[in-house]
Each structure stands twice: as C-alpha cells, then as structure tokens.
$ cat input.txt   # compact mmCIF, C-alpha atoms and all ligand atoms
# COMPACT_ATOMS: atom_id res chain seq x y z
CA MET K 995 -7.21 114.59 66.83
CA ALA K 996 -5.17 117.18 64.98
CA TYR K 997 -3.71 119.86 67.22
CA ILE K 998 -3.17 123.33 65.87
CA ASN K 999 -0.18 125.61 66.21
CA GLU K 1000 -1.63 127.61 69.10
CA ASN K 1001 0.60 130.57 68.34
CA PHE K 1002 -1.86 131.37 65.58
CA ILE K 1003 -4.63 132.09 68.07
CA LYS K 1004 -2.45 134.54 69.97
CA ILE K 1005 -1.91 136.87 66.99
CA PRO K 1006 -4.59 139.35 65.83
CA PRO K 1007 -7.12 137.47 63.70
CA THR K 1008 -6.43 139.52 60.55
CA TYR K 1009 -3.26 140.79 58.94
CA LEU K 1010 -3.01 144.61 59.05
CA PHE K 1011 -3.62 145.24 55.36
CA SER K 1012 -6.47 142.74 55.24
CA GLU K 1013 -8.15 144.59 58.13
CA ILE K 1014 -7.79 147.89 56.27
CA ALA K 1015 -9.17 146.38 53.08
CA LYS K 1016 -12.18 145.13 55.06
CA ARG K 1017 -12.89 148.61 56.46
CA VAL K 1018 -12.54 150.17 53.03
CA GLU K 1019 -14.93 147.63 51.49
CA GLN K 1020 -17.47 148.37 54.17
CA HIS K 1021 -17.18 152.12 53.58
CA LYS K 1022 -17.59 151.55 49.86
CA ALA K 1023 -20.67 149.41 50.38
CA GLU K 1024 -22.22 152.16 52.52
CA ASN K 1025 -21.17 154.92 50.09
CA PRO K 1026 -21.25 153.40 46.61
CA SER K 1027 -20.63 156.71 44.82
CA ALA K 1028 -17.62 157.73 46.96
CA LYS K 1029 -14.48 158.35 44.91
CA ILE K 1030 -12.00 156.57 47.11
CA ILE K 1031 -8.29 157.39 46.83
CA ARG K 1032 -6.04 154.55 47.98
CA MET K 1033 -2.88 155.61 49.77
CA GLY K 1034 -2.82 152.66 52.14
CA ILE K 1035 -0.96 149.50 51.19
CA GLY K 1036 2.23 150.17 49.26
CA ASP K 1037 0.97 148.72 46.01
CA VAL K 1038 2.31 150.22 42.79
CA THR K 1039 -0.05 151.62 40.15
CA LEU K 1040 2.18 152.25 37.12
CA PRO K 1041 2.58 149.36 34.66
CA LEU K 1042 5.69 147.21 34.39
CA PRO K 1043 8.67 148.58 32.45
CA ASP K 1044 8.38 147.77 28.71
CA ALA K 1045 11.76 146.04 28.87
CA SER K 1046 10.38 143.54 31.42
CA VAL K 1047 7.12 142.95 29.54
CA ASP K 1048 9.00 142.35 26.27
CA ALA K 1049 11.35 139.93 27.99
CA MET K 1050 8.44 138.05 29.57
CA ILE K 1051 6.60 137.78 26.25
CA LYS K 1052 9.74 136.38 24.67
CA ALA K 1053 10.17 133.94 27.57
CA ALA K 1054 6.53 132.87 27.32
CA GLU K 1055 7.02 132.21 23.60
CA GLU K 1056 10.00 129.98 24.45
CA GLN K 1057 7.64 127.87 26.55
CA ARG K 1058 5.62 127.07 23.41
CA HIS K 1059 8.42 125.11 21.72
CA VAL K 1060 9.90 121.82 22.77
CA GLU K 1061 13.47 123.03 22.08
CA THR K 1062 13.20 126.03 24.38
CA PHE K 1063 10.60 124.83 26.90
CA ARG K 1064 11.71 124.83 30.56
CA GLY K 1065 10.25 122.87 33.43
CA TYR K 1066 11.53 123.10 37.00
CA GLY K 1067 14.24 125.71 37.31
CA PRO K 1068 16.99 125.87 39.93
CA GLU K 1069 15.39 126.54 43.35
CA GLN K 1070 17.92 129.28 43.98
CA GLY K 1071 17.06 131.09 40.74
CA TYR K 1072 18.50 131.04 37.24
CA GLU K 1073 22.15 131.93 36.95
CA PHE K 1074 21.39 134.69 34.39
CA LEU K 1075 19.36 136.64 36.96
CA ARG K 1076 21.66 135.98 39.92
CA GLN K 1077 24.62 137.09 37.81
CA ALA K 1078 22.80 140.31 36.80
CA ILE K 1079 21.98 140.98 40.46
CA VAL K 1080 25.56 140.43 41.61
CA GLU K 1081 26.90 142.73 38.88
CA ASN K 1082 24.37 145.53 39.00
CA ASP K 1083 23.08 145.72 42.55
CA PHE K 1084 26.38 144.92 44.29
CA ARG K 1085 29.58 144.98 42.22
CA ALA K 1086 28.58 148.41 40.86
CA ARG K 1087 28.67 149.61 44.50
CA GLY K 1088 31.99 147.96 45.26
CA ILE K 1089 30.47 144.90 46.97
CA LYS K 1090 31.78 141.52 45.91
CA LEU K 1091 29.28 138.66 46.13
CA ASP K 1092 29.29 135.18 44.63
CA VAL K 1093 26.31 134.07 42.61
CA ASP K 1094 25.58 131.28 45.09
CA GLU K 1095 25.09 133.85 47.84
CA VAL K 1096 21.95 135.13 46.04
CA PHE K 1097 18.61 133.31 46.35
CA VAL K 1098 15.87 134.45 43.97
CA SER K 1099 12.34 134.17 45.35
CA ASP K 1100 8.78 135.34 44.88
CA GLY K 1101 9.35 138.42 47.01
CA ALA K 1102 10.72 139.92 50.18
CA LYS K 1103 7.52 139.31 52.16
CA SER K 1104 7.92 135.54 51.83
CA ASP K 1105 11.64 135.65 52.51
CA THR K 1106 11.48 137.90 55.57
CA GLY K 1107 8.75 135.62 56.88
CA ASN K 1108 10.35 132.30 55.96
CA ILE K 1109 13.88 133.08 57.11
CA GLY K 1110 12.81 132.25 60.67
CA ASP K 1111 12.78 128.55 59.65
CA ILE K 1112 16.57 128.38 59.93
CA PHE K 1113 16.76 129.98 63.39
CA GLY K 1114 16.09 128.43 66.78
CA VAL K 1115 12.91 129.40 68.64
CA ASP K 1116 14.89 130.46 71.69
CA ASN K 1117 16.64 133.37 69.98
CA ARG K 1118 15.91 136.78 71.43
CA VAL K 1119 14.56 138.93 68.59
CA ALA K 1120 14.81 142.71 68.36
CA ILE K 1121 12.38 144.58 66.15
CA THR K 1122 12.19 148.30 65.48
CA ASP K 1123 8.90 149.81 66.57
CA PRO K 1124 7.04 150.69 64.33
CA SER K 1125 7.85 147.98 61.81
CA TYR K 1126 6.53 146.00 58.84
CA PRO K 1127 4.05 143.62 60.56
CA VAL K 1128 5.49 140.49 58.93
CA TYR K 1129 8.50 140.52 61.28
CA VAL K 1130 6.42 140.40 64.46
CA ASP K 1131 3.64 138.15 63.16
CA THR K 1132 5.96 135.47 61.74
CA ASN K 1133 8.05 135.34 64.90
CA ALA K 1134 4.85 135.03 66.89
CA MET K 1135 3.67 132.18 64.64
CA ALA K 1136 6.98 130.40 65.18
CA GLY K 1137 6.68 130.71 68.96
CA ARG K 1138 9.65 133.03 69.26
CA ALA K 1139 7.67 136.04 70.48
CA GLY K 1140 6.15 134.66 73.70
CA GLU K 1141 2.83 136.13 74.84
CA PRO K 1142 1.12 139.35 73.75
CA ASN K 1143 -0.23 142.03 76.12
CA GLU K 1144 -3.30 144.19 75.48
CA PHE K 1145 -1.27 146.46 73.16
CA ASN K 1146 -0.25 143.41 71.17
CA GLU K 1147 3.31 143.71 72.43
CA TRP K 1148 5.06 140.36 72.91
CA ASP K 1149 6.97 139.61 76.07
CA LYS K 1150 9.86 137.81 74.39
CA LEU K 1151 10.48 140.44 71.72
CA THR K 1152 12.79 143.39 72.28
CA TYR K 1153 11.22 146.52 70.84
CA LEU K 1154 13.44 149.31 69.59
CA PRO K 1155 11.28 152.45 69.62
CA CYS K 1156 11.77 154.84 66.70
CA ASN K 1157 10.12 158.17 67.24
CA GLU K 1158 10.55 161.91 66.96
CA ASN K 1159 12.64 161.99 70.15
CA ASN K 1160 15.36 159.77 68.72
CA ASN K 1161 14.93 161.01 65.17
CA PHE K 1162 13.64 157.55 64.24
CA VAL K 1163 17.07 156.05 64.87
CA PRO K 1164 16.84 152.85 66.94
CA GLN K 1165 19.09 152.72 69.99
CA LEU K 1166 21.13 149.61 70.74
CA PRO K 1167 19.25 147.28 73.10
CA THR K 1168 20.31 147.14 76.73
CA GLU K 1169 19.77 143.37 76.79
CA LYS K 1170 21.59 140.93 74.54
CA VAL K 1171 19.64 140.06 71.40
CA ASP K 1172 20.35 137.37 68.82
CA MET K 1173 18.35 138.42 65.75
CA ILE K 1174 17.73 142.03 64.72
CA TYR K 1175 15.29 143.17 62.05
CA LEU K 1176 16.25 146.44 60.38
CA CYS K 1177 14.42 147.88 57.37
CA TYR K 1178 16.04 150.86 55.64
CA PRO K 1179 14.80 153.01 53.98
CA ASN K 1180 12.19 152.29 56.57
CA ASN K 1181 8.73 150.94 56.15
CA PRO K 1182 6.60 152.58 57.57
CA THR K 1183 8.34 155.83 58.57
CA GLY K 1184 10.23 156.46 55.33
CA THR K 1185 13.31 157.43 57.35
CA THR K 1186 16.89 156.21 56.84
CA LEU K 1187 20.08 155.36 58.73
CA SER K 1188 23.41 156.90 57.79
CA LYS K 1189 26.41 154.65 57.18
CA GLN K 1190 27.73 155.51 60.62
CA GLN K 1191 24.43 154.63 62.30
CA LEU K 1192 24.25 151.33 60.46
CA ARG K 1193 27.89 150.60 61.34
CA THR K 1194 26.92 150.76 65.02
CA TRP K 1195 24.54 147.85 64.43
CA VAL K 1196 27.08 145.81 62.49
CA GLU K 1197 29.54 146.27 65.36
CA TYR K 1198 26.90 145.29 67.90
CA ALA K 1199 26.07 142.14 65.91
CA LYS K 1200 29.74 141.20 65.64
CA ALA K 1201 30.33 141.67 69.34
CA ASN K 1202 27.25 139.62 70.28
CA ARG K 1203 27.30 137.03 67.46
CA SER K 1204 23.86 138.27 66.44
CA ILE K 1205 22.39 138.21 62.96
CA ILE K 1206 20.93 141.32 61.31
CA LEU K 1207 18.00 140.71 58.98
CA PHE K 1208 18.28 143.74 56.75
CA ASP K 1209 15.24 144.52 54.61
CA ALA K 1210 16.37 146.78 51.76
CA ALA K 1211 13.18 146.51 49.68
CA TYR K 1212 13.07 150.30 49.26
CA GLU K 1213 16.74 151.02 48.48
CA ALA K 1214 15.93 152.18 44.92
CA PHE K 1215 14.22 155.25 46.41
CA ILE K 1216 17.36 156.60 48.08
CA THR K 1217 18.18 160.07 46.80
CA GLU K 1218 20.64 161.31 49.42
CA GLU K 1219 24.35 160.68 49.76
CA ASN K 1220 25.65 158.75 52.74
CA VAL K 1221 22.54 156.58 52.92
CA PRO K 1222 23.65 152.96 52.43
CA HIS K 1223 21.86 151.04 49.66
CA SER K 1224 23.08 147.74 51.03
CA ILE K 1225 24.22 146.73 54.51
CA TYR K 1226 27.26 145.18 52.84
CA GLU K 1227 28.57 148.70 52.21
CA ILE K 1228 29.53 148.50 55.88
CA GLU K 1229 32.79 146.68 56.45
CA GLY K 1230 32.34 143.31 58.10
CA ALA K 1231 28.58 143.17 57.47
CA LYS K 1232 28.90 139.97 55.44
CA GLU K 1233 29.79 138.20 58.69
CA VAL K 1234 26.59 139.31 60.41
CA ALA K 1235 23.83 140.20 57.95
CA ILE K 1236 21.26 138.70 55.60
CA GLU K 1237 19.83 141.18 53.11
CA PHE K 1238 16.39 141.10 51.46
CA ARG K 1239 15.63 142.85 48.18
CA SER K 1240 12.56 143.13 46.02
CA PHE K 1241 11.60 143.98 42.44
CA SER K 1242 8.09 144.87 43.69
CA LYS K 1243 8.50 148.53 44.50
CA THR K 1244 11.55 149.07 42.31
CA ALA K 1245 10.12 147.80 39.06
CA GLY K 1246 6.41 147.34 39.64
CA PHE K 1247 6.50 143.59 40.40
CA THR K 1248 3.98 143.60 43.29
CA GLY K 1249 1.67 141.36 41.26
CA THR K 1250 4.34 139.70 39.12
CA ARG K 1251 6.35 138.60 42.19
CA CYS K 1252 10.12 138.52 42.32
CA GLY K 1253 12.65 139.31 45.00
CA TYR K 1254 15.85 137.88 46.37
CA THR K 1255 17.79 137.26 49.54
CA VAL K 1256 21.53 137.44 50.04
CA VAL K 1257 23.05 134.98 52.50
CA PRO K 1258 26.85 135.45 52.48
CA LYS K 1259 28.91 132.30 52.83
CA GLU K 1260 30.88 133.60 55.80
CA LEU K 1261 27.68 134.09 57.81
CA VAL K 1262 27.24 131.56 60.62
CA GLY K 1263 24.81 130.69 63.36
CA TYR K 1264 25.55 128.36 66.28
CA THR K 1265 24.31 125.09 67.71
CA HIS K 1266 23.71 124.97 71.47
CA GLN K 1267 27.06 123.17 71.70
CA GLY K 1268 28.69 126.26 70.18
CA GLU K 1269 29.44 124.75 66.78
CA ALA K 1270 29.35 127.33 63.95
CA VAL K 1271 27.08 126.42 61.00
CA ALA K 1272 26.95 128.26 57.66
CA LEU K 1273 23.55 129.90 57.20
CA ASN K 1274 23.92 129.85 53.42
CA LYS K 1275 23.79 126.03 53.50
CA LEU K 1276 20.75 126.02 55.78
CA TRP K 1277 18.84 128.51 53.62
CA LEU K 1278 19.68 126.52 50.48
CA ARG K 1279 18.38 123.38 52.20
CA ARG K 1280 15.23 125.18 53.30
CA GLN K 1281 14.53 126.69 49.89
CA SER K 1282 15.23 123.53 47.91
CA THR K 1283 12.84 121.62 50.19
CA LYS K 1284 9.98 124.11 50.41
CA PHE K 1285 10.28 126.21 47.23
CA ASN K 1286 10.48 125.28 43.57
CA GLY K 1287 11.79 128.57 42.26
CA THR K 1288 10.29 131.72 40.77
CA SER K 1289 8.88 131.19 37.29
CA TYR K 1290 11.35 131.37 34.39
CA ILE K 1291 9.19 134.00 32.68
CA VAL K 1292 9.21 136.28 35.71
CA GLN K 1293 12.95 135.89 36.19
CA ARG K 1294 13.49 136.99 32.57
CA GLY K 1295 11.31 140.02 33.32
CA ALA K 1296 13.41 140.83 36.39
CA GLU K 1297 16.65 140.37 34.47
CA ALA K 1298 15.46 142.92 31.89
CA THR K 1299 15.32 145.64 34.57
CA PHE K 1300 19.13 145.62 34.45
CA THR K 1301 19.40 146.28 30.70
CA PRO K 1302 20.08 149.91 29.63
CA GLU K 1303 16.42 150.44 28.58
CA GLY K 1304 15.18 148.62 31.67
CA ARG K 1305 17.27 150.81 33.96
CA LYS K 1306 15.98 153.95 32.27
CA GLN K 1307 12.38 152.83 32.62
CA VAL K 1308 12.84 151.80 36.26
CA LYS K 1309 14.39 155.19 37.00
CA GLN K 1310 11.31 156.89 35.56
CA LEU K 1311 9.02 154.83 37.79
CA ILE K 1312 11.01 155.70 40.89
CA GLU K 1313 11.11 159.39 40.01
CA TYR K 1314 7.36 159.41 39.47
CA TYR K 1315 6.65 157.97 42.91
CA LEU K 1316 9.22 160.18 44.59
CA GLU K 1317 7.52 163.22 43.07
CA ASN K 1318 4.24 161.93 44.55
CA ALA K 1319 5.99 161.66 47.90
CA ARG K 1320 7.17 165.27 47.58
CA ILE K 1321 3.60 166.39 46.80
CA ILE K 1322 2.31 164.53 49.87
CA ARG K 1323 5.02 165.97 52.10
CA GLU K 1324 4.28 169.47 50.90
CA GLY K 1325 0.50 169.02 51.02
CA VAL K 1326 0.32 167.75 54.58
CA SER K 1327 2.96 170.23 55.83
CA LYS K 1328 0.88 173.06 54.39
CA VAL K 1329 -2.07 172.13 56.60
CA GLY K 1330 0.25 172.27 59.58
CA LEU K 1331 0.88 168.57 60.17
CA LYS K 1332 4.28 167.19 61.11
CA VAL K 1333 5.73 165.06 58.37
CA PHE K 1334 8.67 162.62 58.12
CA GLY K 1335 10.15 160.39 55.42
CA GLY K 1336 9.26 160.58 51.75
CA VAL K 1337 12.69 161.82 50.62
CA ASN K 1338 14.45 158.45 50.32
CA ALA K 1339 11.32 156.35 50.47
CA PRO K 1340 7.84 156.05 48.95
CA TYR K 1341 6.22 156.44 52.38
CA VAL K 1342 5.35 159.62 54.24
CA TRP K 1343 4.85 159.37 57.99
CA VAL K 1344 2.47 161.98 59.37
CA LYS K 1345 1.60 162.97 62.93
CA ALA K 1346 -2.16 162.99 63.35
CA PRO K 1347 -3.63 166.37 64.34
CA GLU K 1348 -4.95 167.31 67.77
CA ASN K 1349 -3.66 164.20 69.53
CA MET K 1350 -5.95 161.98 67.49
CA GLY K 1351 -5.19 158.28 67.60
CA SER K 1352 -4.01 156.49 64.46
CA TRP K 1353 -7.21 154.54 63.83
CA GLU K 1354 -9.29 157.61 64.67
CA TYR K 1355 -7.47 159.71 62.08
CA PHE K 1356 -7.56 156.82 59.61
CA ASP K 1357 -11.35 156.61 60.02
CA TYR K 1358 -11.70 160.38 59.72
CA LEU K 1359 -9.75 160.46 56.44
CA LEU K 1360 -11.67 157.47 55.11
CA LYS K 1361 -15.14 158.63 56.08
CA GLN K 1362 -14.79 162.39 55.58
CA LYS K 1363 -12.29 162.57 52.72
CA ASN K 1364 -12.53 159.15 51.08
CA ILE K 1365 -8.77 158.73 51.46
CA VAL K 1366 -7.31 155.40 52.53
CA THR K 1367 -4.10 155.55 54.57
CA THR K 1368 -2.46 153.11 56.96
CA PRO K 1369 -2.80 153.76 60.70
CA GLY K 1370 0.61 153.95 62.35
CA ALA K 1371 -0.56 151.89 65.31
CA GLY K 1372 -0.90 148.93 62.95
CA PHE K 1373 2.89 148.90 62.73
CA GLY K 1374 3.46 148.83 66.48
CA ARG K 1375 2.81 150.80 69.63
CA SER K 1376 5.29 153.56 68.75
CA GLY K 1377 3.28 154.17 65.59
CA GLU K 1378 0.28 155.28 67.64
CA GLY K 1379 -0.70 158.85 66.78
CA TYR K 1380 0.71 158.63 63.24
CA ILE K 1381 -0.56 157.57 59.85
CA ARG K 1382 1.34 156.46 56.76
CA PHE K 1383 0.68 157.75 53.26
CA SER K 1384 1.84 155.63 50.34
CA ALA K 1385 3.20 157.53 47.33
CA PHE K 1386 2.44 154.68 44.92
CA GLY K 1387 -0.83 156.15 43.61
CA SER K 1388 -1.39 158.05 40.39
CA ARG K 1389 -0.26 161.68 40.19
CA GLU K 1390 -3.84 162.79 39.70
CA ASN K 1391 -5.09 160.97 42.80
CA THR K 1392 -2.15 162.14 44.90
CA MET K 1393 -2.87 165.77 44.00
CA GLU K 1394 -6.59 165.32 44.50
CA ALA K 1395 -5.99 163.79 47.94
CA MET K 1396 -3.90 166.79 48.98
CA GLU K 1397 -6.67 169.12 47.75
CA ARG K 1398 -9.22 167.23 49.85
CA ILE K 1399 -7.00 167.45 52.91
CA LYS K 1400 -6.53 171.18 52.41
CA ARG K 1401 -10.31 171.67 52.19
C1 LIG S 1501 3.24 147.93 52.76
O1 LIG S 1501 2.31 148.63 52.38
O2 LIG S 1501 3.76 148.06 53.86
C2 LIG S 1501 3.74 146.91 51.81
O3 LIG S 1501 3.14 147.03 50.58
C3 LIG S 1501 3.45 145.60 52.30
C4 LIG S 1501 4.22 144.59 51.53
O4 LIG S 1501 5.15 144.91 50.79
O5 LIG S 1501 3.90 143.42 51.74
$ encode --input "input.txt" --output "structure tokens"
Amino acid sequence: MAYINENFIKIPPTYLFSEIAKRVEQHKAENPSAKIIRMGIGDVTLPLPDASVDAMIKAAEEQRHVETFRGYGPEQGYEFLRQAIVENDFRARGIKLDVDEVFVSDGAKSDTGNIGDIFGVDNRVAITDPSYPVYVDTNAMAGRAGEPNEFNEWDKLTYLPCNENNNFVPQLPTEKVDMIYLCYPNNPTGTTLSKQQLRTWVEYAKANRSIILFDAAYEAFITEENVPHSIYEIEGAKEVAIEFRSFSKTAGFTGTRCGYTVVPKELVGYTHQGEAVALNKLWLRRQSTKFNGTSYIVQRGAEATFTPEGRKQVKQLIEYYLENARIIREGVSKVGLKVFGGVNAPYVWVKAPENMGSWEYFDYLLKQKNIVTTPGAGFGRSGEGYIRFSAFGSRENTMEAMERIKR
C-alpha cells in the first residue's frame, strides 16, 4: 500500500489562481459573448523584448549544428548569464557577489517553493499576511505549517498582518521565528519597505539566527528613492538572507521561464547539535540532484536583457505596465475606493466598497462588469475585504475596465 503525504489533504484542493480560472471559465460558458478583461493573475501581455527573441533564435540555430550543439548545461546556470546577473543586478548597485552564489532556475515560483527542501520541518516560519500563496502552501505540504483552522490559518505559522493600520509594514514577531518570508515590492499589496524598515528585519534575523527568504520578483518596478532593490543593500544581509529574482515580470518571461536565486556563501543554517552548515552548499546539492538547469536557449534570452538594447526594451515594458497601474489607481480612486500600491509595483490593492467581502466583490466585478481581479482573501485572512488588480493587461483593456467601473 502506498501512503500519501497527508499534508496535501489539509490544504485547499485548488491553488488560488486555478480556482479563479475555474470561476472565469464557468462565467464564460454561461455568457459566451461577454468581453472579459483579465486583471487577475499577474501574467504579462506584451511580447518579449526583441533583444531576447533574437538571442534565442541565434541560440536555437546553434542547436542545429554539431559544433555548437549543447546538451545538459550546468545545473546552476551558464556562467555567461550568472556573470551578467552579478554585474548588472548587483555590482551596479554596489553589491559584490560571486558567480557561484547565483543559481539560475525556471522561475521564482519554483525556487520559493523548493527552498524549503534545505530547511528542517521544525522551523517556525513567519509569513506576511496577505502573501503570495506559494509560501503558505509549500510549507503546509512540507509539514511545517501544522494544522489549518476554518479560515485556512495554520497553527504553526506566525502571521505578520499587513494592513491599513500599520501602513502595510509587518511588525517584528513577538515569538522567536526561524524563517521569514518577505516579498518587496509586495505581492499582492504593491507596497514597499524603506531601507530602514528592511534593516529592522535584517537585525532581527541576525539576533535570532533566522533566515530571511526575500522575494524581489518585482524590484524592476521600483520608481521611488530609498526603496531597496535588493536585500543585500542592507549591511549584513548576506549573513541572513536568500534572495529570489525573476525575469517573468521584468522581461516578459512568464511563459519562457527564467529566474534565479542568490544564496550567499556566508549564509548558514544549523544542525540540532548547533553545527553551522553553509546553505549555498545545500542548495547546490539540492539543485544538482533535482534540477537539470534552465534551457540554454532561454538563458541566452535572459542574458540579452542586460545588453544596451535589451535594457532599453525592458525599460519600455516596465514603463508601460506602470502607466497601467497609474490608470488603475486613478480610476478606482475616482469612484471613491481606497487604493494602495501600484507606484513601485504592478499590483494595485483596493478596498472593496460597502464592507463587501473579497470574493463577493470579485464575483460582482466578474458577473456585472466582466472584469477578472484577484480576491484579497485568497492571499490570507488580512486580505479579506480587498481585491487586487494586475496592471499587466493591455492599455486598451485597462482603460476600458476603468470605464466599466465608473459606469
Ligand atoms: C500573481 O499573480 O500573484 C503571480 O502571477 C503569480 C506568480 O507569479 O506565480
């Protein structure tokens, strides 16, 4: 008899975005002529930068010839891409990293989910509430979250509420925690932490020998000064933080798949006997066992985002989506709704009107306006009463959605 991992039957049967897709499909089936505008999942709509497409075509052509053909690549990623990452994403901001501290992957979703493999199940995990559902779900699958209550809150997780009262800035936990998930600019609220606010967390982690899992997938959308692009801008963070990055939202790679994770060499976790162990070595061992690397072609495409043309094209993509975010902010404010985020992030966090619940307002917008959003409650209990708009749609659809909301 094969026993299952029973943690899987404790989590909700469908992943948040799959549940939304199901509801949208049903609405579409019932209303075949409805012109549905999708502002739910943060999936990009503009095509890849030309620089990336050209580089991928060239790389694909190389695969045709025996002299240039490549089979398995290094599990950690090709040196050319890791070098470009170290130079452009870090050295340019005064952060010194070695190439072997960067692990290229197929995206930040996999990495933020898989990273749990190298941590013990008895760690106490802190998660901001609301948060990207992958953090909670993967810890629950691993057995680190304990048992859920009727609000799907887990008894072994420490929730850090982020709401209007605390300006969406998580407060330090009162109990000692070992692993801390922080995502800034934040998914789903679109809000940020200042350097000083992030420094508080680095100091906490140092004092408690905790590890911060810093998801910086949206850093390219930062427009304001004093908002850190990387946690390593904070002194000492290399001793306490793993950082996740993605080409998905930055350069349109949601379908192409490429991201990376930084595990500094000075970062350690502990055995129960108190022996310090380098996490970089553990992650390398994990990746080389379970992952065979991102495709060569895709890595060439990602590398091209760092060329002068690539950078220009990426900048245009980001500006386009940020303008959408501005239109959403303005549109929903005009109808009197409270709005947050959208200045340093492609997400706009909106308080539902008249004390409506998240799913209630989601259903209203879907059924009455044919607009798909994401209900805030799907990101955690503190998200109840809010919905999230994604700014990754077309300009035309974004403007049309705001018109529909105004009507
Ligand atoms: C989101 O909408 O929150 C993201 O697109 C999900 C993801 O990146 O996996």
$ closest_atom_pairs --input "input.txt" --of "chain K" --to "ligand LIG 1501 (chain S)" --cutoff "6 Å" --atoms "only C-alpha atoms and all ligand atoms" --output "JSON lines"
{"residue": "K:Ile1035", "atom": "CA", "partner": "S:LIG1501", "partner_atom": "O1", "distance": 3.6}
{"residue": "K:Gly1036", "atom": "CA", "partner": "S:LIG1501", "partner_atom": "O1", "distance": 3.5}
{"residue": "K:Asp1037", "atom": "CA", "partner": "S:LIG1501", "partner_atom": "O3", "distance": 5.3}
{"residue": "K:Lys1103", "atom": "CA", "partner": "S:LIG1501", "partner_atom": "O5", "distance": 5.5}
$ write_last_selection --input "input.txt" --atoms "C-alpha atoms" --output "compact mmCIF listing (two decimals), in the coordinates of the input"
# COMPACT_ATOMS: atom_id res chain seq x y z
CA ILE K 1035 -0.96 149.50 51.19
CA GLY K 1036 2.23 150.17 49.26
CA ASP K 1037 0.97 148.72 46.01
CA LYS K 1103 7.52 139.31 52.16
$ closest_residue --input "input.txt" --among "K:Asn999, K:Val1292, K:Arg1085, K:Phe1113" --to "Val1271 of chain K" --atoms "only C-alpha atoms"
K:Phe1113
$ atom_distance --input "input.txt" --atom1 "atom CA of Phe1208 of chain K" --atom2 "atom CA of Ser1224 of chain K"
8.5 Å
$ residues_around --input "input.txt" --residues "Ile1399 of chain K" --least-positions-apart "3" --cutoff "8 Å" --atoms "all atoms listed in the file" --output "MDAnalysis selection string"
chainID K and resid 1325:1326 1329 1363 1395:1396
$ write_last_selection --input "input.txt" --atoms "C-alpha atoms" --output "PDB file, in the frame of the given file"
ATOM      1  CA  GLY K1325       0.500 169.020  51.020  1.00  0.00           C
ATOM      2  CA  VAL K1326       0.320 167.750  54.580  1.00  0.00           C
ATOM      3  CA  VAL K1329      -2.070 172.130  56.600  1.00  0.00           C
ATOM      4  CA  LYS K1363     -12.290 162.570  52.720  1.00  0.00           C
ATOM      5  CA  ALA K1395      -5.990 163.790  47.940  1.00  0.00           C
ATOM      6  CA  MET K1396      -3.900 166.790  48.980  1.00  0.00           C
TER       7      MET K1396
END
$ closest_residue --input "input.txt" --among "K:Ala1139, K:Leu1091, K:Tyr997, K:Ser1125" --to "Phe1162 of chain K" --atoms "only C-alpha atoms"
K:Ser1125
$ residues_around --input "input.txt" --residues "segment 1012-1018 of chain K" --least-positions-apart "3" --cutoff "8 Å" --atoms "only C-alpha atoms" --output "ChimeraX atom specification"
/K:1008-1009,1021-1022,1360,1366,1368
$ write_last_selection --input "input.txt" --atoms "C-alpha atoms" --output "PDB file, in the coordinates of the input"
ATOM      1  CA  THR K1008      -6.430 139.520  60.550  1.00  0.00           C
ATOM      2  CA  TYR K1009      -3.260 140.790  58.940  1.00  0.00           C
ATOM      3  CA  HIS K1021     -17.180 152.120  53.580  1.00  0.00           C
ATOM      4  CA  LYS K1022     -17.590 151.550  49.860  1.00  0.00           C
ATOM      5  CA  LEU K1360     -11.670 157.470  55.110  1.00  0.00           C
ATOM      6  CA  VAL K1366      -7.310 155.400  52.530  1.00  0.00           C
ATOM      7  CA  THR K1368      -2.460 153.110  56.960  1.00  0.00           C
TER       8      THR K1368
END
$ residues_near_point --input "input.txt" --point "(7.0, 130.5, 67.4)" --cutoff "10 Å" --atoms "only C-alpha atoms" --output "list of chain:residue names"
K:Asn999, K:Glu1000, K:Asn1001, K:Phe1002, K:Gly1110, K:Asp1111, K:Gly1114, K:Val1115, K:Asp1116, K:Asp1131, K:Thr1132, K:Asn1133, K:Ala1134, K:Met1135, K:Ala1136, K:Gly1137, K:Arg1138, K:Ala1139, K:Gly1140
$ closest_residue --input "input.txt" --among "K:Glu1141, K:Asp1105, K:Glu1227, K:Glu1024" --to "Ile1089 of chain K" --atoms "only C-alpha atoms"
K:Glu1227
$ residues_around --input "input.txt" --residues "segment 1175-1186 of chain K" --least-positions-apart "4" --cutoff "8 Å" --atoms "all atoms listed in the file" --output "number ranges by chain"
K: 1119-1122, 1124-1126, 1129, 1162, 1206-1213, 1215-1216, 1221, 1334-1343, 1370, 1373, 1382
$ residues_near_point --input "input.txt" --point "(17.7, 148.1, 73.0)" --cutoff "12 Å" --atoms "all atoms listed in the file" --output "VMD selection string"
chain K and resid 1118 to 1123 1151 to 1156 1163 to 1172 1174 1195 1198
$ atom_distance --input "input.txt" --atom1 "atom CA of Gly1372 of chain K" --atom2 "atom CA of Thr1217 of chain K"
27.4 Å
$ closest_residue --input "input.txt" --among "K:Lys1090, K:Lys1400, K:Arg1279, K:Lys1306" --to "Glu1324 of chain K" --atoms "all atoms listed in the file"
K:Lys1400
$ residues_around --input "input.txt" --residues "Val1262 of chain K" --least-positions-apart "3" --cutoff "7 Å" --atoms "only C-alpha atoms" --output "number ranges by chain"
K: 1270-1273
$ residues_around --input "input.txt" --residues "segment 1055-1063 of chain K" --least-positions-apart "4" --cutoff "9 Å" --atoms "all atoms listed in the file" --output "list in words"
Met1050, Ile1051 and Ile1291 of chain K
